[in-house]
Amino acid sequence: MLRISDVSYRYKTRKIPTLKHLSLHVTEGEMLLLAGCSGCGKSTLIKAVSGLLNTAGAGELDGKIYLNNKDIAEMTPEDIGILVGTVYQSPDDQLFAMTVSDEVGFALENQGLDENIISVEVQKVLERVGLAGFEQNSIHTLSGGQRQRLALASVLITKPKLLVLDEPVSQMNPQGVEDFLQLLVSLNRIDGITIIVVEHRVNELAKYFPRLAVMFEGEVIYDGPIELAWQKIGSAEKYGLREPQKVKLCRFLHLSKLIDETSKVVDLIKSECKIEKTALTVRSKKACSEAIVTGKAIRYRYPGSTSDTLQGIDFELYKGETVALMGFNGAGKSTLINLLGGLAELSSGELDLLGGTVGERAYEIGYLRQEPDLMLLADSVWEELTWKNKKVRKEVVWELLEKLKLENNTNDFPLALSKGQRLRVVLGALLARNPKLLLLDEPTTGQDQQSLEEIKKLIAYFSQMGGCVLFCTHDIELASEIADRVIIMANGKLIANREPEVILSDRWILSAGGLTVPPLLEVSEALLLPKCITVEGVGRYVSTAVMGRL
């Protein structure tokens with residue numbers, strides 16, 4: 001279906017090629033997971049396959065790419081579009097119609113098909129992607145996850161033979177991710193569509209893909225069975241991969257194999273380790289009792305709506321605390337953060353921020369929105385971090401740039417950077433202003449493992465300095481590692497508000513909040529241990545492998 005032979009590509013403005021003599025073959029009916037650190041060339045490769053790397057002044061493209069045994073150099077964009085359906089990193093980049101049905105039916109309208117035929121086909125595709133009933137909805141009212149499903153529907157309508165998706169689940173809650181991946185498996189097995197997915201979150205997607213290809217500095221450094229990758233690749237973090245938690249546990253315990261299957265991991269631990277069922281010390285909330293934010297009976301209703309999106313919420317956020325806000329898409333998480341960030345006003349209730357209203361204390365707030373591109377205003381990364389901020393010192397800016405891995409991009413135009421880099425630029429600009437409350441809406445979207453580690457360090461440093469962090473996330477592993485407290489929302493209400501170890505090990509709460517069971521909870525239960533959700537948690541009860549293996 002796809003044959004890439006010795007392909008190199010250099011952008012006109014760069015001295016070093018982004019793709020270097022890259023070869024990759026994907027046979028008809030395969031499912032391939034393509035991973036690698038930010039800037040390794042994954043998105044460029046997708047553009048090459050989609051025929052978007054126009055050589056007329058855009059750059060230098062060498063090598064051959066064949067789709068269904070046809071050289072794409074001899075194909076028109078329309079011919080390529082019929083064979084390849086591409087869903088890009090930001091769904092908003094390819095959505096343009098006013099309603100869901102208009103968006104999905106557009107390609108068939110261009111082909112001049114009858115309205116009745118289009119209507120039937122649109123209905124079929126929307127049912128397939130889980131958007132039936134949304135036909136007349138404005139695309140602007142959809143959540144991020146719903147827009148990603150809509151982008152998929154808009155390319156499925158033409159029945160492509162090859163489907164290429166760039167981080168398609170980045171804005172979905174964990175249960176939504178599972179449903180979406182089951183949909184891809186169905187499209188592959190029932191419809192025979194060849195599928196390539198580009199993702200950093202290998203930890204969540206690994207079980208759905210038999211084959212993994214890893215890119216590094218424009219080359220493929222691993223291509224083979226996914227279960228063998230962890231042993232052969234070595235340092236996953238170096239290559240930007242997020243290893244499955246069970247593989248991390250195998251490394252942590254120095255087990256003889258690196259496995260991502262619960263029963264096999266449990267058997268290995270039983271045969272190679274010593275288990276001591278001592279008492280678990282649950283991480284408690286930070287001792288500081290100084291409230292940064294107090295919310296009482298908060299309600300919010302969008303203009304024109306007949307019901308409240310937020311339905312009488314009470315909560316507090318404390319100095320030096322890091323809080324994860326989790327739940328289904330559409331539960332009201334972003335609405336709550338918008339209220340705290342001053343982008344919306346309460347319908348009723350009270351919201352106190354450092355002794356004043358949000359409007360009065362706006363200068364104390366740093367808000368990283370779900371669409372960080374909307375916050376980029378300057379012509380260079382350096383200007384972005386210093387924009388209208390005369391108080392910030394140069395050494396502080398350089399320190400932030402180094403921590404965010406942006407020290408080599410100081411003069412780059414921010415919007416020309418990768419999605420992950422753009423997000424880190426905005427985060428750096430916020431931290432440079434030294435806010436008291438930091439609001440982060442999906443701060444790890446598009447981040448590889450190295451960048452994720454840097455963001456975690458920055459959040460930890462900010463809270464240690466007395467700042468308060470509220471971050472909205474679907475990333476259970478991240479929440480379990482850095483949050484002091486987890487708040488779960490469902491249908492505009494708070495349904496849980498406790499420490500991560502308590503919340504993320506409660507199966508009822510996980511289900512009610514649209515979350516999946518943490519992989520290590522399954523391991524700890526199978527070992528008859530107290531409930532654990534982190535590698536370190538399991539490590540409290542399980543000693544490293546037997547003597548002679550260390």
# chains A, B, ... in the order shown; residues from 1 in each chain; ligands from 1

$ select_by_dssp --residues "stretch 417-542 of chain A" --states "strand (DSSP E or B)" --output "list in words"
Leu437, Leu438, Leu439, Leu440, Asp441, Cys468, Val469, Leu470, Phe471, Cys472, Arg485, Val486, Ile487, Ile488, Met489, Ala490, Lys493, Leu494, Ile495, Ala496, Asn497, Arg498 and Val542 of chain A

$ residues_around --residues "stretch 519-522 of chain A" --least-positions-apart "2" --cutoff "10 Å" --atoms "only C-alpha atoms" --output "ChimeraX atom specification"
/A:203-204,244-246,249,260-263,266,476-477,501,504-507,516-517,524-535,537-538

$ write_last_selection --atoms "N, CA and C atoms" --output "mmCIF file, in the first residue's frame"
data_model
loop_
_atom_site.group_PDB
_atom_site.id
_atom_site.type_symbol
_atom_site.label_atom_id
_atom_site.label_comp_id
_atom_site.auth_asym_id
_atom_site.auth_seq_id
_atom_site.Cartn_x
_atom_site.Cartn_y
_atom_site.Cartn_z
ATOM 1 N N ASN A 203 2.503 4.435 25.299
ATOM 2 C CA ASN A 203 2.058 3.704 26.486
ATOM 3 C C ASN A 203 0.570 3.347 26.422
ATOM 4 N N GLU A 204 -0.245 4.210 25.828
ATOM 5 C CA GLU A 204 -1.678 3.965 25.771
ATOM 6 C C GLU A 204 -2.094 3.194 24.512
ATOM 7 N N PRO A 244 4.946 1.971 28.162
ATOM 8 C CA PRO A 244 3.851 1.502 29.006
ATOM 9 C C PRO A 244 4.316 1.359 30.452
ATOM 10 N N GLN A 245 3.423 1.643 31.412
ATOM 11 C CA GLN A 245 3.799 1.606 32.818
ATOM 12 C C GLN A 245 4.286 0.230 33.252
ATOM 13 N N LYS A 246 3.706 -0.834 32.686
ATOM 14 C CA LYS A 246 4.147 -2.175 33.079
ATOM 15 C C LYS A 246 5.573 -2.454 32.595
ATOM 16 N N LEU A 249 7.739 -0.705 35.036
ATOM 17 C CA LEU A 249 7.831 -1.497 36.264
ATOM 18 C C LEU A 249 8.861 -2.610 36.105
ATOM 19 N N ASP A 260 4.492 -5.951 28.514
ATOM 20 C CA ASP A 260 3.341 -5.054 28.736
ATOM 21 C C ASP A 260 2.041 -5.850 28.872
ATOM 22 N N GLU A 261 2.139 -7.088 29.346
ATOM 23 C CA GLU A 261 0.963 -7.925 29.535
ATOM 24 C C GLU A 261 0.838 -8.274 31.017
ATOM 25 N N THR A 262 -0.293 -7.920 31.613
ATOM 26 C CA THR A 262 -0.451 -8.019 33.063
ATOM 27 C C THR A 262 -0.111 -9.402 33.607
ATOM 28 N N SER A 263 -0.699 -10.447 33.045
ATOM 29 C CA SER A 263 -0.489 -11.795 33.590
ATOM 30 C C SER A 263 0.981 -12.205 33.537
ATOM 31 N N VAL A 266 2.999 -10.233 36.180
ATOM 32 C CA VAL A 266 2.716 -10.796 37.505
ATOM 33 C C VAL A 266 3.496 -12.087 37.719
ATOM 34 N N ILE A 476 -3.852 9.839 33.008
ATOM 35 C CA ILE A 476 -3.914 9.243 34.343
ATOM 36 C C ILE A 476 -2.520 9.066 34.939
ATOM 37 N N GLU A 477 -1.569 8.668 34.107
ATOM 38 C CA GLU A 477 -0.201 8.465 34.601
ATOM 39 C C GLU A 477 0.389 9.774 35.109
ATOM 40 N N GLU A 501 -4.005 8.466 44.929
ATOM 41 C CA GLU A 501 -4.039 7.048 45.285
ATOM 42 C C GLU A 501 -5.447 6.574 45.630
ATOM 43 N N LEU A 504 -7.842 7.403 41.924
ATOM 44 C CA LEU A 504 -7.490 6.657 40.717
ATOM 45 C C LEU A 504 -7.384 5.151 40.947
ATOM 46 N N SER A 505 -7.738 4.705 42.141
ATOM 47 C CA SER A 505 -7.812 3.267 42.398
ATOM 48 C C SER A 505 -9.241 2.826 42.686
ATOM 49 N N ASP A 506 -10.188 3.746 42.547
ATOM 50 C CA ASP A 506 -11.603 3.462 42.775
ATOM 51 C C ASP A 506 -12.268 3.225 41.419
ATOM 52 N N ARG A 507 -12.617 1.989 41.131
ATOM 53 C CA ARG A 507 -13.141 1.639 39.807
ATOM 54 C C ARG A 507 -14.469 2.341 39.499
ATOM 55 N N THR A 516 -9.942 5.230 32.526
ATOM 56 C CA THR A 516 -9.695 3.797 32.459
ATOM 57 C C THR A 516 -8.908 3.349 33.685
ATOM 58 N N VAL A 517 -8.884 2.054 33.916
ATOM 59 C CA VAL A 517 -8.184 1.500 35.075
ATOM 60 C C VAL A 517 -6.676 1.617 34.858
ATOM 61 N N SER A 524 -1.177 -4.698 40.846
ATOM 62 C CA SER A 524 -1.198 -4.781 42.313
ATOM 63 C C SER A 524 -2.340 -5.671 42.797
ATOM 64 N N GLU A 525 -3.488 -5.616 42.122
ATOM 65 C CA GLU A 525 -4.618 -6.465 42.506
ATOM 66 C C GLU A 525 -4.305 -7.938 42.248
ATOM 67 N N ALA A 526 -3.655 -8.223 41.121
ATOM 68 C CA ALA A 526 -3.312 -9.613 40.799
ATOM 69 C C ALA A 526 -2.287 -10.177 41.778
ATOM 70 N N LEU A 527 -1.446 -9.302 42.357
ATOM 71 C CA LEU A 527 -0.449 -9.727 43.341
ATOM 72 C C LEU A 527 -1.009 -9.712 44.764
ATOM 73 N N LEU A 528 -2.325 -9.366 44.877
ATOM 74 C CA LEU A 528 -3.002 -9.275 46.178
ATOM 75 C C LEU A 528 -2.353 -8.245 47.098
ATOM 76 N N LEU A 529 -1.854 -7.162 46.492
ATOM 77 C CA LEU A 529 -1.269 -6.055 47.247
ATOM 78 C C LEU A 529 -2.335 -4.995 47.497
ATOM 79 N N PRO A 530 -2.086 -4.074 48.444
ATOM 80 C CA PRO A 530 -2.946 -2.893 48.512
ATOM 81 C C PRO A 530 -2.917 -2.163 47.174
ATOM 82 N N LYS A 531 -3.933 -1.400 46.874
ATOM 83 C CA LYS A 531 -4.071 -0.777 45.558
ATOM 84 C C LYS A 531 -2.932 0.210 45.287
ATOM 85 N N CYS A 532 -2.253 0.027 44.150
ATOM 86 C CA CYS A 532 -1.147 0.902 43.741
ATOM 87 C C CYS A 532 -1.394 1.392 42.314
ATOM 88 N N ILE A 533 -1.010 2.635 42.025
ATOM 89 C CA ILE A 533 -1.219 3.183 40.684
ATOM 90 C C ILE A 533 0.065 3.703 40.047
ATOM 91 N N THR A 534 1.185 3.619 40.776
ATOM 92 C CA THR A 534 2.463 4.087 40.239
ATOM 93 C C THR A 534 3.514 2.993 40.355
ATOM 94 N N VAL A 535 4.589 3.133 39.586
ATOM 95 C CA VAL A 535 5.707 2.199 39.650
ATOM 96 C C VAL A 535 6.285 2.182 41.059
ATOM 97 N N GLY A 537 4.780 2.954 43.761
ATOM 98 C CA GLY A 537 3.818 2.351 44.671
ATOM 99 C C GLY A 537 3.972 0.844 44.747
ATOM 100 N N VAL A 538 4.056 0.188 43.584
ATOM 101 C CA VAL A 538 4.267 -1.259 43.565
ATOM 102 C C VAL A 538 5.624 -1.588 44.170
#

$ closest_atom_pairs --of "stretch 369-467 of chain A" --to "stretch 301-323 of chain A" --cutoff "7 Å" --atoms "only C-alpha atoms" --output "CSV"
residue,atom,partner,partner_atom,distance
A:Ser463,CA,A:Gly320,CA,4.4
A:Gln464,CA,A:Gly320,CA,5.9
A:Met465,CA,A:Gly320,CA,7.0
A:Gly466,CA,A:Gly320,CA,4.2
A:Gly467,CA,A:Gly320,CA,5.0

$ write_last_selection --atoms "C-alpha atoms" --output "compact mmCIF listing (two decimals), in the first residue's frame"
# COMPACT_ATOMS: atom_id res chain seq x y z
CA SER A 463 4.51 24.67 43.33
CA GLN A 464 7.60 24.41 45.55
CA MET A 465 7.96 28.19 45.22
CA GLY A 466 4.41 28.55 46.61
CA GLY A 467 2.48 28.71 43.35

$ closest_atom_pairs --of "stretch 178-252 of chain A" --to "stretch 32-43 of chain A" --cutoff "10 Å" --atoms "only C-alpha atoms" --output "JSON lines"
{"residue": "A:Thr194", "atom": "CA", "partner": "A:Leu32", "partner_atom": "CA", "distance": 8.4}
{"residue": "A:Ile195", "atom": "CA", "partner": "A:Leu32", "partner_atom": "CA", "distance": 6.3}
{"residue": "A:Ile196", "atom": "CA", "partner": "A:Leu32", "partner_atom": "CA", "distance": 4.8}
{"residue": "A:Val197", "atom": "CA", "partner": "A:Leu33", "partner_atom": "CA", "distance": 5.0}
{"residue": "A:Val198", "atom": "CA", "partner": "A:Leu34", "partner_atom": "CA", "distance": 4.7}
{"residue": "A:Glu199", "atom": "CA", "partner": "A:Ala35", "partner_atom": "CA", "distance": 5.5}
{"residue": "A:His200", "atom": "CA", "partner": "A:Ala35", "partner_atom": "CA", "distance": 5.8}
{"residue": "A:Arg201", "atom": "CA", "partner": "A:Ala35", "partner_atom": "CA", "distance": 8.4}
{"residue": "A:Val202", "atom": "CA", "partner": "A:Ala35", "partner_atom": "CA", "distance": 7.3}
{"residue": "A:Leu205", "atom": "CA", "partner": "A:Leu33", "partner_atom": "CA", "distance": 8.1}
{"residue": "A:Ala206", "atom": "CA", "partner": "A:Leu33", "partner_atom": "CA", "distance": 8.0}
{"residue": "A:Tyr208", "atom": "CA", "partner": "A:Leu33", "partner_atom": "CA", "distance": 9.0}
{"residue": "A:Phe209", "atom": "CA", "partner": "A:Leu33", "partner_atom": "CA", "distance": 6.2}
{"residue": "A:Pro210", "atom": "CA", "partner": "A:Leu32", "partner_atom": "CA", "distance": 7.3}
{"residue": "A:Arg211", "atom": "CA", "partner": "A:Leu32", "partner_atom": "CA", "distance": 5.3}
{"residue": "A:Leu212", "atom": "CA", "partner": "A:Leu33", "partner_atom": "CA", "distance": 4.9}
{"residue": "A:Ala213", "atom": "CA", "partner": "A:Leu34", "partner_atom": "CA", "distance": 4.9}
{"residue": "A:Val214", "atom": "CA", "partner": "A:Ala35", "partner_atom": "CA", "distance": 4.9}
{"residue": "A:Met215", "atom": "CA", "partner": "A:Gly36", "partner_atom": "CA", "distance": 4.9}
{"residue": "A:Phe216", "atom": "CA", "partner": "A:Cys40", "partner_atom": "CA", "distance": 5.1}
{"residue": "A:Glu217", "atom": "CA", "partner": "A:Cys40", "partner_atom": "CA", "distance": 4.6}
{"residue": "A:Gly218", "atom": "CA", "partner": "A:Gly41", "partner_atom": "CA", "distance": 5.2}
{"residue": "A:Glu219", "atom": "CA", "partner": "A:Cys40", "partner_atom": "CA", "distance": 7.9}
{"residue": "A:Val220", "atom": "CA", "partner": "A:Gly36", "partner_atom": "CA", "distance": 9.1}
{"residue": "A:Ile221", "atom": "CA", "partner": "A:Gly36", "partner_atom": "CA", "distance": 9.6}
{"residue": "A:Tyr222", "atom": "CA", "partner": "A:Ala35", "partner_atom": "CA", "distance": 9.8}
{"residue": "A:Asp223", "atom": "CA", "partner": "A:Leu34", "partner_atom": "CA", "distance": 9.1}
{"residue": "A:Gly224", "atom": "CA", "partner": "A:Leu32", "partner_atom": "CA", "distance": 9.6}
{"residue": "A:Pro225", "atom": "CA", "partner": "A:Leu32", "partner_atom": "CA", "distance": 9.9}
{"residue": "A:Ile226", "atom": "CA", "partner": "A:Leu33", "partner_atom": "CA", "distance": 8.8}
{"residue": "A:Ala236", "atom": "CA", "partner": "A:Gly36", "partner_atom": "CA", "distance": 9.3}
{"residue": "A:Glu237", "atom": "CA", "partner": "A:Cys37", "partner_atom": "CA", "distance": 8.6}
{"residue": "A:Lys238", "atom": "CA", "partner": "A:Cys37", "partner_atom": "CA", "distance": 7.9}
{"residue": "A:Tyr239", "atom": "CA", "partner": "A:Cys37", "partner_atom": "CA", "distance": 5.4}
{"residue": "A:Gly240", "atom": "CA", "partner": "A:Cys37", "partner_atom": "CA", "distance": 3.9}
{"residue": "A:Leu241", "atom": "CA", "partner": "A:Gly36", "partner_atom": "CA", "distance": 6.2}
{"residue": "A:Arg242", "atom": "CA", "partner": "A:Ala35", "partner_atom": "CA", "distance": 9.5}

$ write_last_selection --atoms "N, CA, C and O atoms" --output "compact mmCIF listing (two decimals), in the first residue's frame"
# COMPACT_ATOMS: atom_id res chain seq x y z
N THR A 194 -5.80 0.26 5.54
CA THR A 194 -4.45 0.29 6.10
C THR A 194 -4.33 1.54 6.96
O THR A 194 -4.73 2.63 6.53
N ILE A 195 -3.76 1.41 8.16
CA ILE A 195 -3.78 2.53 9.09
C ILE A 195 -2.37 2.81 9.63
O ILE A 195 -1.67 1.90 10.08
N ILE A 196 -1.99 4.09 9.59
CA ILE A 196 -0.75 4.56 10.21
C ILE A 196 -1.14 5.63 11.22
O ILE A 196 -1.80 6.61 10.88
N VAL A 197 -0.73 5.45 12.46
CA VAL A 197 -1.01 6.43 13.52
C VAL A 197 0.31 6.96 14.05
O VAL A 197 1.21 6.19 14.41
N VAL A 198 0.42 8.29 14.11
CA VAL A 198 1.59 8.95 14.68
C VAL A 198 1.22 9.41 16.08
O VAL A 198 0.25 10.15 16.26
N GLU A 199 1.95 8.96 17.09
CA GLU A 199 1.62 9.31 18.47
C GLU A 199 2.86 9.26 19.36
O GLU A 199 3.74 8.43 19.16
N HIS A 200 2.89 10.18 20.38
CA HIS A 200 3.90 10.08 21.43
C HIS A 200 3.45 9.10 22.50
O HIS A 200 4.27 8.48 23.17
N ARG A 201 2.13 8.96 22.67
CA ARG A 201 1.59 8.18 23.78
C ARG A 201 1.58 6.69 23.45
O ARG A 201 0.54 6.03 23.43
N VAL A 202 2.77 6.17 23.22
CA VAL A 202 2.91 4.74 22.91
C VAL A 202 2.38 3.91 24.08
O VAL A 202 1.84 2.82 23.89
N LEU A 205 -1.31 3.31 23.45
CA LEU A 205 -1.72 2.74 22.17
C LEU A 205 -1.08 1.40 21.85
O LEU A 205 -1.51 0.71 20.92
N ALA A 206 -0.05 1.02 22.60
CA ALA A 206 0.78 -0.13 22.24
C ALA A 206 -0.04 -1.41 22.02
O ALA A 206 0.21 -2.16 21.08
N TYR A 208 -2.81 -1.96 20.80
CA TYR A 208 -3.65 -2.01 19.60
C TYR A 208 -2.84 -2.21 18.32
O TYR A 208 -3.42 -2.43 17.26
N PHE A 209 -1.50 -2.10 18.41
CA PHE A 209 -0.67 -2.13 17.21
C PHE A 209 0.37 -3.24 17.29
O PHE A 209 1.17 -3.27 18.22
N PRO A 210 0.38 -4.14 16.31
CA PRO A 210 1.39 -5.20 16.31
C PRO A 210 2.78 -4.70 15.89
O PRO A 210 3.78 -5.34 16.20
N ARG A 211 2.81 -3.55 15.21
CA ARG A 211 4.09 -3.09 14.65
C ARG A 211 4.36 -1.64 15.06
O ARG A 211 3.47 -0.79 15.03
N LEU A 212 5.61 -1.38 15.42
CA LEU A 212 6.05 -0.04 15.83
C LEU A 212 7.25 0.38 15.00
O LEU A 212 8.20 -0.39 14.83
N ALA A 213 7.21 1.61 14.46
CA ALA A 213 8.37 2.20 13.80
C ALA A 213 8.75 3.46 14.59
O ALA A 213 7.88 4.27 14.92
N VAL A 214 10.02 3.59 14.91
CA VAL A 214 10.51 4.72 15.70
C VAL A 214 11.45 5.56 14.87
O VAL A 214 12.41 5.04 14.28
N MET A 215 11.16 6.87 14.80
CA MET A 215 12.02 7.79 14.07
C MET A 215 12.91 8.58 15.03
O MET A 215 12.50 8.88 16.16
N PHE A 216 14.12 8.90 14.56
CA PHE A 216 15.05 9.72 15.34
C PHE A 216 15.94 10.48 14.37
O PHE A 216 16.60 9.87 13.52
N GLU A 217 15.89 11.81 14.46
CA GLU A 217 16.71 12.68 13.63
C GLU A 217 16.56 12.34 12.14
O GLU A 217 17.54 12.24 11.40
N GLY A 218 15.30 12.15 11.72
CA GLY A 218 15.01 11.97 10.30
C GLY A 218 15.19 10.58 9.76
O GLY A 218 15.05 10.36 8.55
N GLU A 219 15.50 9.61 10.63
CA GLU A 219 15.70 8.23 10.19
C GLU A 219 14.83 7.28 11.01
O GLU A 219 14.41 7.61 12.13
N VAL A 220 14.58 6.10 10.47
CA VAL A 220 13.88 5.05 11.22
C VAL A 220 14.93 4.22 11.93
O VAL A 220 15.76 3.56 11.28
N ILE A 221 14.90 4.23 13.28
CA ILE A 221 15.93 3.51 14.04
C ILE A 221 15.41 2.18 14.59
O ILE A 221 16.18 1.38 15.10
N TYR A 222 14.08 1.98 14.50
CA TYR A 222 13.51 0.68 14.86
C TYR A 222 12.24 0.48 14.06
O TYR A 222 11.43 1.38 13.91
N ASP A 223 12.06 -0.73 13.55
CA ASP A 223 10.85 -1.08 12.82
C ASP A 223 10.63 -2.58 13.01
O ASP A 223 11.35 -3.40 12.47
N GLY A 224 9.64 -2.91 13.85
CA GLY A 224 9.42 -4.33 14.11
C GLY A 224 8.28 -4.54 15.09
O GLY A 224 7.50 -3.62 15.39
N PRO A 225 8.16 -5.75 15.64
CA PRO A 225 7.10 -6.07 16.58
C PRO A 225 7.16 -5.17 17.81
O PRO A 225 8.24 -4.93 18.35
N ILE A 226 6.02 -4.72 18.25
CA ILE A 226 5.99 -3.75 19.34
C ILE A 226 6.48 -4.38 20.65
O ILE A 226 7.09 -3.70 21.48
N ALA A 236 14.21 4.60 25.97
CA ALA A 236 13.00 5.08 25.31
C ALA A 236 12.87 6.59 25.42
O ALA A 236 12.41 7.25 24.49
N GLU A 237 13.28 7.15 26.57
CA GLU A 237 13.15 8.60 26.76
C GLU A 237 13.98 9.37 25.75
O GLU A 237 13.55 10.41 25.25
N LYS A 238 15.16 8.86 25.42
CA LYS A 238 16.02 9.52 24.44
C LYS A 238 15.30 9.70 23.11
O LYS A 238 15.46 10.71 22.42
N TYR A 239 14.46 8.71 22.75
CA TYR A 239 13.76 8.75 21.48
C TYR A 239 12.34 9.31 21.60
O TYR A 239 11.55 9.22 20.67
N GLY A 240 12.03 9.88 22.77
CA GLY A 240 10.75 10.55 22.94
C GLY A 240 9.58 9.63 23.19
O GLY A 240 8.43 10.06 23.11
N LEU A 241 9.82 8.36 23.50
CA LEU A 241 8.73 7.40 23.66
C LEU A 241 8.24 7.34 25.11
O LEU A 241 9.04 7.33 26.04
N ARG A 242 6.93 7.27 25.26
CA ARG A 242 6.35 7.04 26.57
C ARG A 242 6.11 5.54 26.71
O ARG A 242 5.18 5.00 26.14

$ select_by_dssp --residues "stretch 463-542 of chain A" --states "helix (DSSP H, G or I)" --output "ChimeraX atom specification"
/A:463-464,476-482,500-503,507-512,519-526,535-539

$ residues_around --residues "stretch 512-515 of chain A" --least-positions-apart "3" --cutoff "7 Å" --atoms "only C-alpha atoms" --output "list of chain:residue names"
A:Asn173, A:Pro174, A:Gln175, A:Gly327, A:Phe328, A:Ile488, A:Met489, A:Ala490, A:Trp508, A:Ile509

$ closest_residue --among "A:Lys64, A:Arg128, A:Arg422, A:His21" --to "A:Ala153" --atoms "only C-alpha atoms"
A:Arg128

$ residues_around --residues "A:Glu407" --least-positions-apart "6" --cutoff "12 Å" --atoms "only C-alpha atoms" --output "list of chain:residue names"
A:Val381, A:Trp382, A:Leu385, A:Val397, A:Trp398, A:Glu399, A:Leu400, A:Leu401, A:Gln421, A:Arg424, A:Val425, A:Gly428

$ write_last_selection --atoms "C-alpha atoms" --output "PDB file, in the first residue's frame"
ATOM      1  CA  VAL A 381      10.449  32.954  20.867  1.00  0.00           C
ATOM      2  CA  TRP A 382      12.543  35.432  22.870  1.00  0.00           C
ATOM      3  CA  LEU A 385       8.781  35.268  26.709  1.00  0.00           C
ATOM      4  CA  VAL A 397      14.425  33.943  30.412  1.00  0.00           C
ATOM      5  CA  TRP A 398      17.490  31.884  29.471  1.00  0.00           C
ATOM      6  CA  GLU A 399      16.868  29.524  32.392  1.00  0.00           C
ATOM      7  CA  LEU A 400      13.285  28.981  31.253  1.00  0.00           C
ATOM      8  CA  LEU A 401      14.339  28.439  27.635  1.00  0.00           C
ATOM      9  CA  GLN A 421       7.310  23.425  20.979  1.00  0.00           C
ATOM     10  CA  ARG A 424       6.164  25.126  25.642  1.00  0.00           C
ATOM     11  CA  VAL A 425       6.723  28.660  24.327  1.00  0.00           C
ATOM     12  CA  GLY A 428       7.473  29.789  29.244  1.00  0.00           C
TER      13      GLY A 428
END

$ residues_around --residues "A:Gly81" --least-positions-apart "4" --cutoff "9 Å" --atoms "only C-alpha atoms" --output "CSV table (one decimal) with all heavy atoms, in the first residue's frame"
chain,number,residue,atom,x,y,z
A,50,SER,N,1.3,12.4,1.9
A,50,SER,CA,0.1,13.1,1.4
A,50,SER,C,0.3,13.9,0.2
A,50,SER,O,-0.7,14.6,-0.3
A,50,SER,CB,-0.5,13.9,2.6
A,50,SER,OG,-0.8,13.1,3.7
A,51,GLY,N,1.5,14.0,-0.3
A,51,GLY,CA,1.8,14.8,-1.5
A,51,GLY,C,1.9,16.3,-1.2
A,51,GLY,O,1.7,17.1,-2.2
A,76,THR,N,-1.9,13.4,-9.2
A,76,THR,CA,-2.4,14.7,-8.9
A,76,THR,C,-2.8,14.7,-7.4
A,76,THR,O,-3.0,13.6,-6.8
A,76,THR,CB,-3.7,15.0,-9.7
A,76,THR,OG1,-4.7,14.1,-9.3
A,76,THR,CG2,-3.4,14.9,-11.2
A,77,PRO,N,-2.9,15.9,-6.8
A,77,PRO,CA,-3.4,15.9,-5.4
A,77,PRO,C,-4.7,15.2,-5.2
A,77,PRO,O,-5.0,14.6,-4.1
A,77,PRO,CB,-3.5,17.4,-5.1
A,77,PRO,CG,-2.5,18.0,-6.0
A,77,PRO,CD,-2.6,17.2,-7.3
A,85,GLY,N,-6.5,9.1,3.3
A,85,GLY,CA,-7.2,10.1,4.1
A,85,GLY,C,-6.3,10.5,5.3
A,85,GLY,O,-5.8,9.6,6.0
A,86,THR,N,-6.1,11.8,5.5
A,86,THR,CA,-5.2,12.2,6.5
A,86,THR,C,-5.9,13.1,7.5
A,86,THR,O,-6.6,14.0,7.2
A,86,THR,CB,-4.0,13.1,5.9
A,86,THR,OG1,-3.4,12.3,4.8
A,86,THR,CG2,-3.0,13.4,6.9
A,155,VAL,N,-12.8,12.4,6.3
A,155,VAL,CA,-12.0,11.7,5.3
A,155,VAL,C,-12.5,10.3,5.1
A,155,VAL,O,-12.3,9.7,4.0
A,155,VAL,CB,-10.5,11.7,5.8
A,155,VAL,CG1,-9.9,13.1,5.9
A,155,VAL,CG2,-10.3,10.9,7.1
A,158,THR,N,-14.9,9.4,1.9
A,158,THR,CA,-14.4,9.1,0.6
A,158,THR,C,-13.9,7.6,0.5
A,158,THR,O,-13.4,7.3,-0.6
A,158,THR,CB,-13.3,10.1,0.2
A,158,THR,OG1,-12.2,9.9,1.1
A,158,THR,CG2,-13.8,11.5,0.2
A,160,PRO,N,-11.1,6.0,1.8
A,160,PRO,CA,-9.7,5.8,1.5
A,160,PRO,C,-9.2,4.4,1.7
A,160,PRO,O,-9.7,3.7,2.6
A,160,PRO,CB,-9.0,6.9,2.4
A,160,PRO,CG,-9.9,6.9,3.6
A,160,PRO,CD,-11.3,6.8,3.1
